[in-house]
$ cat entry_19.cif   # mmCIF, C-alpha atoms
data_structure
loop_
_atom_site.label_atom_id
_atom_site.label_comp_id
_atom_site.auth_asym_id
_atom_site.auth_seq_id
_atom_site.Cartn_x
_atom_site.Cartn_y
_atom_site.Cartn_z
CA MET P 1 48.83 29.70 -55.90
CA LEU P 2 46.74 32.81 -55.36
CA THR P 3 43.06 32.30 -54.70
CA GLN P 4 40.61 35.00 -55.63
CA THR P 5 38.48 36.19 -52.73
CA THR P 6 36.02 39.03 -52.54
CA SER P 7 32.95 40.24 -50.68
CA ARG P 8 30.01 42.18 -52.10
CA VAL P 9 26.36 43.04 -51.51
CA LEU P 10 24.23 40.32 -53.09
CA GLU P 11 21.55 41.11 -55.65
CA PRO P 12 18.21 39.42 -56.42
CA SER P 13 19.92 37.40 -59.16
CA ASP P 14 22.11 35.76 -56.47
CA LEU P 15 19.09 34.19 -54.75
CA ASP P 16 19.72 30.54 -55.69
CA ALA P 17 23.38 30.69 -54.65
CA ALA P 18 22.45 32.33 -51.32
CA LEU P 19 19.75 29.72 -50.62
CA ALA P 20 22.30 26.97 -51.32
CA VAL P 21 24.59 28.40 -48.60
CA LEU P 22 21.68 28.81 -46.16
CA ASP P 23 20.61 25.23 -46.85
CA ARG P 24 23.92 23.86 -45.57
CA GLU P 25 22.80 24.49 -41.98
CA PRO P 26 18.98 24.56 -42.06
CA VAL P 27 18.50 24.68 -38.28
CA ALA P 28 21.05 27.36 -37.39
CA ASN P 29 20.06 29.45 -40.43
CA ALA P 30 16.27 29.13 -40.06
CA PHE P 31 15.77 32.79 -39.11
CA VAL P 32 17.54 34.23 -42.14
CA THR P 33 16.36 31.48 -44.52
CA SER P 34 12.71 32.18 -43.66
CA ARG P 35 13.22 35.89 -44.39
CA VAL P 36 14.99 35.24 -47.69
CA GLN P 37 12.41 32.70 -48.87
CA ILE P 38 9.65 35.28 -48.36
CA ALA P 39 11.42 38.47 -49.42
CA GLY P 40 14.27 37.43 -51.72
CA LEU P 41 17.45 39.52 -51.66
CA ASP P 42 16.01 42.94 -52.48
CA PRO P 43 17.13 45.07 -49.48
CA TRP P 44 13.82 46.95 -49.26
CA ARG P 45 11.78 43.77 -48.98
CA LEU P 46 14.37 41.85 -46.94
CA GLY P 47 14.81 44.64 -44.39
CA GLY P 48 18.58 44.73 -44.87
CA GLU P 49 21.45 43.80 -47.14
CA MET P 50 22.85 40.32 -47.67
CA TRP P 51 26.63 40.33 -47.92
CA GLY P 52 28.38 37.51 -49.72
CA TRP P 53 31.92 36.15 -49.47
CA TYR P 54 33.39 34.43 -52.53
CA GLU P 55 36.34 32.07 -52.77
CA ASP P 56 37.48 31.05 -56.27
CA GLY P 57 34.28 32.51 -57.68
CA MET P 58 32.06 30.42 -55.38
CA LEU P 59 29.72 31.99 -52.82
CA THR P 60 30.74 30.32 -49.53
CA SER P 61 29.64 32.61 -46.67
CA LEU P 62 26.92 35.17 -46.00
CA CYS P 63 26.16 37.95 -43.54
CA TYR P 64 22.68 39.42 -43.08
CA ALA P 65 22.91 43.12 -42.23
CA GLY P 66 19.56 44.44 -41.06
CA ALA P 67 18.10 45.03 -37.60
CA ASN P 68 20.48 42.22 -36.61
CA LEU P 69 23.91 41.49 -37.99
CA VAL P 70 24.02 37.72 -38.59
CA PRO P 71 27.09 35.81 -39.87
CA ILE P 72 26.05 32.69 -41.81
CA CYS P 73 28.34 29.72 -42.53
CA ALA P 74 31.10 32.31 -42.11
CA THR P 75 34.76 31.23 -42.27
CA PRO P 76 37.37 33.28 -40.38
CA ARG P 77 38.42 35.04 -43.60
CA ALA P 78 34.79 35.82 -44.44
CA VAL P 79 34.22 37.21 -40.93
CA ARG P 80 37.17 39.58 -41.37
CA ALA P 81 35.71 40.84 -44.68
CA PHE P 82 32.27 41.27 -43.11
CA ALA P 83 33.77 43.14 -40.15
CA ASP P 84 35.57 45.53 -42.55
CA ARG P 85 32.32 46.19 -44.41
CA ALA P 86 30.36 46.67 -41.15
CA ARG P 87 32.98 49.11 -39.79
CA ARG P 88 32.83 51.20 -42.95
CA ALA P 89 29.01 51.26 -42.94
CA GLY P 90 28.77 52.12 -39.22
CA ARG P 91 26.51 50.37 -36.74
CA ARG P 92 22.88 50.25 -37.84
CA CYS P 93 21.84 47.05 -36.04
CA SER P 94 20.46 46.56 -32.54
CA SER P 95 22.30 43.25 -32.09
CA ILE P 96 24.83 40.85 -33.53
CA VAL P 97 23.57 37.30 -33.31
CA GLY P 98 24.62 33.98 -34.79
CA PRO P 99 26.71 30.85 -34.24
CA ALA P 100 28.94 31.46 -31.24
CA ASP P 101 32.37 31.07 -32.91
CA SER P 102 31.85 33.36 -35.89
CA THR P 103 29.86 35.88 -33.84
CA ALA P 104 32.62 36.05 -31.20
CA GLN P 105 35.23 36.69 -33.91
CA LEU P 106 33.04 39.32 -35.56
CA TRP P 107 32.56 41.10 -32.23
CA ARG P 108 36.31 41.03 -31.42
CA LEU P 109 36.93 42.84 -34.71
CA LEU P 110 34.07 45.34 -34.30
CA GLU P 111 34.29 46.08 -30.57
CA PRO P 112 37.03 48.74 -30.87
CA ASN P 113 34.70 50.76 -33.13
CA TRP P 114 31.24 49.68 -32.00
CA GLY P 115 31.76 48.98 -28.29
CA PRO P 116 30.86 48.91 -25.58
CA ALA P 117 27.86 46.60 -25.92
CA ARG P 118 24.91 46.92 -23.58
CA GLU P 119 25.07 43.18 -22.91
CA ILE P 120 26.95 40.15 -24.26
CA ARG P 121 25.45 36.67 -24.09
CA SER P 122 28.39 34.59 -25.18
CA HIS P 123 26.88 31.11 -24.85
CA GLN P 124 23.25 30.46 -25.79
CA PRO P 125 22.68 26.72 -26.27
CA LEU P 126 20.97 25.83 -29.56
CA MET P 127 18.55 22.96 -28.93
CA ILE P 128 16.50 20.80 -31.29
CA THR P 129 13.97 17.97 -31.34
CA ASP P 130 12.11 16.10 -34.06
CA ARG P 131 9.57 14.22 -31.92
CA MET P 132 7.03 14.59 -29.16
CA PRO P 133 8.05 13.71 -25.60
CA ALA P 134 6.83 10.32 -24.39
CA ASP P 135 6.13 11.37 -20.81
CA ILE P 136 4.66 14.91 -20.99
CA THR P 137 1.03 15.47 -21.95
CA PRO P 138 0.57 18.63 -24.04
CA ASP P 139 -1.48 21.28 -22.27
CA PRO P 140 -4.96 21.01 -23.85
CA TYR P 141 -5.67 24.68 -23.06
CA VAL P 142 -2.79 26.03 -25.17
CA ARG P 143 -4.23 27.15 -28.51
CA ARG P 144 -3.65 29.44 -31.45
CA ILE P 145 -4.29 33.12 -30.78
CA ARG P 146 -6.92 34.59 -33.09
CA LYS P 147 -6.54 37.82 -35.04
CA ASP P 148 -9.15 39.52 -32.84
CA GLU P 149 -7.06 38.74 -29.73
CA MET P 150 -4.14 41.09 -30.41
CA GLU P 151 -5.01 43.21 -27.35
CA THR P 152 -4.97 40.05 -25.22
CA ILE P 153 -1.56 38.76 -26.37
CA MET P 154 0.30 42.07 -26.81
CA PRO P 155 0.92 42.89 -23.09
CA ALA P 156 2.37 39.40 -22.55
CA CYS P 157 4.64 39.81 -25.60
CA VAL P 158 5.88 43.18 -24.34
CA ALA P 159 6.49 41.77 -20.84
CA MET P 160 8.44 38.80 -22.24
CA PHE P 161 10.57 40.97 -24.54
CA THR P 162 11.37 43.49 -21.81
CA GLU P 163 12.31 40.73 -19.37
CA GLU P 164 14.41 38.90 -21.96
CA VAL P 165 16.19 41.76 -23.72
CA GLY P 166 16.29 44.37 -20.95
CA VAL P 167 14.61 47.15 -22.91
CA SER P 168 10.99 47.67 -23.93
CA PRO P 169 10.07 46.92 -27.57
CA LEU P 170 7.81 49.99 -27.37
CA ALA P 171 10.80 52.36 -27.12
CA GLY P 172 11.83 54.34 -30.19
CA ASP P 173 8.94 54.03 -32.64
CA GLY P 174 6.24 53.54 -30.00
CA GLY P 175 6.22 49.83 -30.72
CA LEU P 176 4.96 50.01 -34.32
CA LEU P 177 7.54 47.56 -35.69
CA TYR P 178 7.14 45.18 -32.78
CA GLN P 179 3.35 45.29 -33.00
CA ALA P 180 3.56 44.53 -36.72
CA ARG P 181 5.77 41.51 -36.02
CA VAL P 182 3.40 40.17 -33.35
CA ALA P 183 0.45 40.73 -35.72
CA GLU P 184 2.31 38.86 -38.46
CA LEU P 185 2.82 35.83 -36.19
CA VAL P 186 -0.79 35.91 -35.01
CA GLY P 187 -2.04 36.29 -38.58
CA SER P 188 0.01 33.32 -39.81
CA GLY P 189 -1.27 31.10 -36.97
CA ARG P 190 2.09 30.89 -35.20
CA SER P 191 1.21 32.57 -31.88
CA PHE P 192 0.04 30.29 -29.05
CA ALA P 193 -1.17 30.86 -25.50
CA ARG P 194 -3.11 29.53 -22.56
CA LEU P 195 -5.57 32.03 -21.08
CA ASP P 196 -6.97 31.99 -17.53
CA PRO P 197 -10.75 32.24 -16.91
CA ASP P 198 -10.45 36.06 -16.93
CA GLY P 199 -8.87 36.03 -20.38
CA LYS P 200 -5.34 36.85 -19.13
CA VAL P 201 -2.33 35.16 -20.70
CA VAL P 202 -0.86 32.48 -18.40
CA PHE P 203 1.62 30.89 -20.88
CA LYS P 204 2.65 31.91 -24.38
CA ALA P 205 5.12 31.07 -27.13
CA GLU P 206 5.47 31.64 -30.85
CA ILE P 207 6.85 29.72 -33.78
CA GLY P 208 9.06 32.48 -35.14
CA ALA P 209 11.30 31.55 -38.06
CA ALA P 210 9.81 28.81 -40.23
CA THR P 211 11.04 26.99 -43.33
CA ASP P 212 10.00 23.61 -44.72
CA ARG P 213 13.06 22.03 -43.06
CA ALA P 214 13.17 23.66 -39.62
CA CYS P 215 11.34 26.12 -37.41
CA GLN P 216 12.19 27.96 -34.22
CA ILE P 217 10.13 28.39 -31.07
CA GLN P 218 10.61 31.79 -29.43
CA GLY P 219 9.07 34.13 -26.87
CA VAL P 220 8.36 31.43 -24.29
CA TRP P 221 6.86 33.12 -21.23
CA VAL P 222 4.88 32.21 -18.12
CA ALA P 223 3.06 34.97 -16.23
CA PRO P 224 5.04 35.69 -13.00
CA GLU P 225 2.16 34.74 -10.69
CA TYR P 226 1.90 31.30 -12.37
CA ARG P 227 5.60 30.38 -12.32
CA GLY P 228 6.65 27.26 -10.45
CA GLN P 229 3.30 25.56 -11.10
CA GLY P 230 4.50 23.21 -13.84
CA LEU P 231 2.84 25.01 -16.77
CA ALA P 232 5.92 25.49 -18.96
CA ALA P 233 6.66 21.88 -19.98
CA PRO P 234 3.06 20.93 -20.97
CA GLY P 235 2.74 24.33 -22.69
CA MET P 236 5.93 23.74 -24.68
CA ALA P 237 4.77 20.23 -25.58
CA ALA P 238 1.54 21.72 -26.95
CA VAL P 239 3.39 24.27 -29.10
CA LEU P 240 5.83 21.55 -30.21
CA ARG P 241 2.91 19.39 -31.37
CA TYR P 242 1.59 22.24 -33.53
CA ALA P 243 5.09 22.92 -34.89
CA LEU P 244 5.79 19.30 -35.89
CA ALA P 245 2.31 18.75 -37.32
CA ASP P 246 1.90 22.01 -39.24
CA VAL P 247 5.27 23.66 -39.84
CA ALA P 248 8.50 21.61 -40.06
CA PRO P 249 10.05 18.22 -39.20
CA VAL P 250 12.69 19.73 -36.90
CA VAL P 251 11.97 22.28 -34.15
CA SER P 252 14.71 24.40 -32.58
CA LEU P 253 15.19 27.15 -30.03
CA TYR P 254 18.07 28.89 -28.35
CA VAL P 255 18.21 29.84 -24.71
CA ASN P 256 20.45 31.84 -22.38
CA ASP P 257 22.89 29.54 -20.58
CA PHE P 258 22.11 31.25 -17.25
CA ASN P 259 18.39 30.42 -17.55
CA THR P 260 18.65 27.04 -15.85
CA ALA P 261 14.89 26.66 -15.29
CA ALA P 262 14.15 27.13 -18.99
CA ARG P 263 16.95 24.77 -20.05
CA ARG P 264 15.65 22.11 -17.69
CA THR P 265 12.11 22.52 -19.09
CA TYR P 266 13.29 22.21 -22.69
CA GLN P 267 15.32 19.10 -21.85
CA ARG P 268 12.25 17.55 -20.22
CA VAL P 269 10.28 18.15 -23.40
CA GLY P 270 13.03 16.38 -25.37
CA PHE P 271 15.17 19.21 -26.77
CA GLN P 272 18.88 18.38 -27.04
CA GLU P 273 21.84 20.74 -27.36
CA VAL P 274 23.45 20.69 -30.80
CA GLY P 275 25.47 23.93 -30.75
CA ALA P 276 25.55 27.45 -29.38
CA PHE P 277 24.59 30.94 -30.45
CA MET P 278 25.98 34.22 -29.19
CA SER P 279 24.22 37.59 -28.95
CA VAL P 280 25.73 41.05 -28.60
CA LEU P 281 23.04 43.57 -27.60
CA PHE P 282 23.33 47.35 -28.10
#
$ encode --input "entry_19.cif" --output "structure tokens"
Amino acid sequence: MLTQTTSRVLEPSDLDAALAVLDREPVANAFVTSRVQIAGLDPWRLGGEMWGWYEDGMLTSLCYAGANLVPICATPRAVRAFADRARRAGRRCSSIVGPADSTAQLWRLLEPNWGPAREIRSHQPLMITDRMPADITPDPYVRRIRKDEMETIMPACVAMFTEEVGVSPLAGDGGLLYQARVAELVGSGRSFARLDPDGKVVFKAEIGAATDRACQIQGVWVAPEYRGQGLAAPGMAAVLRYALADVAPVVSLYVNDFNTAARRTYQRVGFQEVGAFMSVLF
């Protein structure tokens, strides 16, 4: 029996069907779900297109195509369709990121046209927790950053991004997009830091993606001169307390597998591995 399959760009009227797919994996899909809940499926507001894959008339897989290319609940057949569409459109994204299996398949299909990548991070453990650690006291000095403290937090954000991604977020547009994103997190009360007596950032982290079911901690950074002093675990515990109390019942993050110090810190705070992401950076 022939089954009817097709892929197409989703429209605002497809919102409920898209949210139903995203809701199947609320932790892994938190980043895209949070965007869609705020912006809907209109490409101008969403910052990219949402591609859908249908089997027997049912929407079963998605792919967000914006600054990142993100396969979502994507079956092997869906990934092939998304790769065909991405090849035809040409590369517009700065990274491909998503669950390791579907992202690896997508990259295998796109690499002949889009390669080489600047860097491939093939195994980034996805970690979650739903409770506070019993044996780590949250750092009482970690607090929300206020809107009038943008100049205080911005250098730390730029330093973290440059260290993590390998390029400065100020390249290209002079940092306008990045600054807007940092301001958005500060404005929504999801940027946290500990400052030293001189007002310099010692530790920082943000709650990035946020839905009512899951949120994601990102941008964890300790100032180089303060590393090795045991600030990261109490700092993370403080941000985790805010996240569980104010944002969502499950808190996630993903981390590079080669960052053993960070992985050890997250495990100490109670995060457990539940899967893996993969990132292809251009």
$ closest_residue --input "entry_19.cif" --among "P:Arg213, P:Arg194, P:Arg77, P:Arg45" --to "Tyr141 of chain P" --atoms "all atoms listed in the file"
P:Arg194
$ resolve_selection --input "entry_19.cif" --expression "the PyMOL selection byres ((chain P and resi 108) around 12)" --output "list in words"
Pro76, Val79, Arg80, Ala83, Ile96, Asp101, Ser102, Thr103, Ala104, Gln105, Leu106, Trp107, Leu109, Leu110, Glu111, Pro112, Asn113, Trp114, Gly115, Pro116, Ala117, Ile120, Ser122 and Val280 of chain P
$ residues_around --input "entry_19.cif" --residues "segment 182-192 of chain P" --least-positions-apart "3" --cutoff "7 Å" --atoms "only C-alpha atoms" --output "list in words"
Val142, Arg143, Arg144, Ile145, Arg146, Lys147, Tyr178, Gln179, Lys204, Ala205, Glu206, Ile207 and Val239 of chain P
$ write_last_selection --input "entry_19.cif" --atoms "C-alpha atoms" --output "mmCIF file, in the coordinates of the input"
data_model
loop_
_atom_site.group_PDB
_atom_site.id
_atom_site.type_symbol
_atom_site.label_atom_id
_atom_site.label_comp_id
_atom_site.auth_asym_id
_atom_site.auth_seq_id
_atom_site.Cartn_x
_atom_site.Cartn_y
_atom_site.Cartn_z
ATOM 1 C CA VAL P 142 -2.790 26.030 -25.170
ATOM 2 C CA ARG P 143 -4.230 27.150 -28.510
ATOM 3 C CA ARG P 144 -3.650 29.440 -31.450
ATOM 4 C CA ILE P 145 -4.290 33.120 -30.780
ATOM 5 C CA ARG P 146 -6.920 34.590 -33.090
ATOM 6 C CA LYS P 147 -6.540 37.820 -35.040
ATOM 7 C CA TYR P 178 7.140 45.180 -32.780
ATOM 8 C CA GLN P 179 3.350 45.290 -33.000
ATOM 9 C CA LYS P 204 2.650 31.910 -24.380
ATOM 10 C CA ALA P 205 5.120 31.070 -27.130
ATOM 11 C CA GLU P 206 5.470 31.640 -30.850
ATOM 12 C CA ILE P 207 6.850 29.720 -33.780
ATOM 13 C CA VAL P 239 3.390 24.270 -29.100
#
$ resolve_selection --input "entry_19.cif" --expression "the PyMOL selection byres ((chain P and resi 139) around 6)" --output "list of chain:residue names"
P:Pro138, P:Pro140, P:Tyr141, P:Val142, P:Pro234, P:Gly235, P:Ala238
$ closest_residue --input "entry_19.cif" --among "P:Asp196, P:Arg241, P:Ser13, P:Cys63" --to "Thr129 of chain P" --atoms "all atoms listed in the file"
P:Arg241
$ resolve_selection --input "entry_19.cif" --expression "the PyMOL selection byres ((chain P and resi 248-255) around 10)" --output "ChimeraX atom specification"
/P:26-28,30,121,123-131,207-220,240-247,256-260,262-263,266,271-278
$ atom_distance --input "entry_19.cif" --atom1 "atom CA of Arg92 of chain P" --atom2 "atom CA of Arg181 of chain P"
19.3 Å
$ closest_residue --input "entry_19.cif" --among "P:Ser94, P:Gln267, P:Leu59, P:Gly199" --to "Gly172 of chain P" --atoms "all atoms listed in the file"
P:Ser94
$ atom_distance --input "entry_19.cif" --atom1 "atom CA of Asp173 of chain P" --atom2 "atom CA of Ala86 of chain P"
24.2 Å
$ closest_residue --input "entry_19.cif" --among "P:Gly57, P:Gly52, P:Pro12, P:Pro169" --to "Gly40 of chain P" --atoms "all atoms listed in the file"
P:Pro12
$ closest_residue --input "entry_19.cif" --among "P:Val165, P:Val70, P:Leu15, P:Ile136" --to "Thr265 of chain P" --atoms "only C-alpha atoms"
P:Ile136
$ residues_around --input "entry_19.cif" --residues "Val32 of chain P" --least-positions-apart "6" --cutoff "12 Å" --atoms "all atoms listed in the file" --output "PyMOL selection string"
chain P and resi 18-19+21-23+25-26+38-41+46-50+62-73+97-98+208-211+214-216
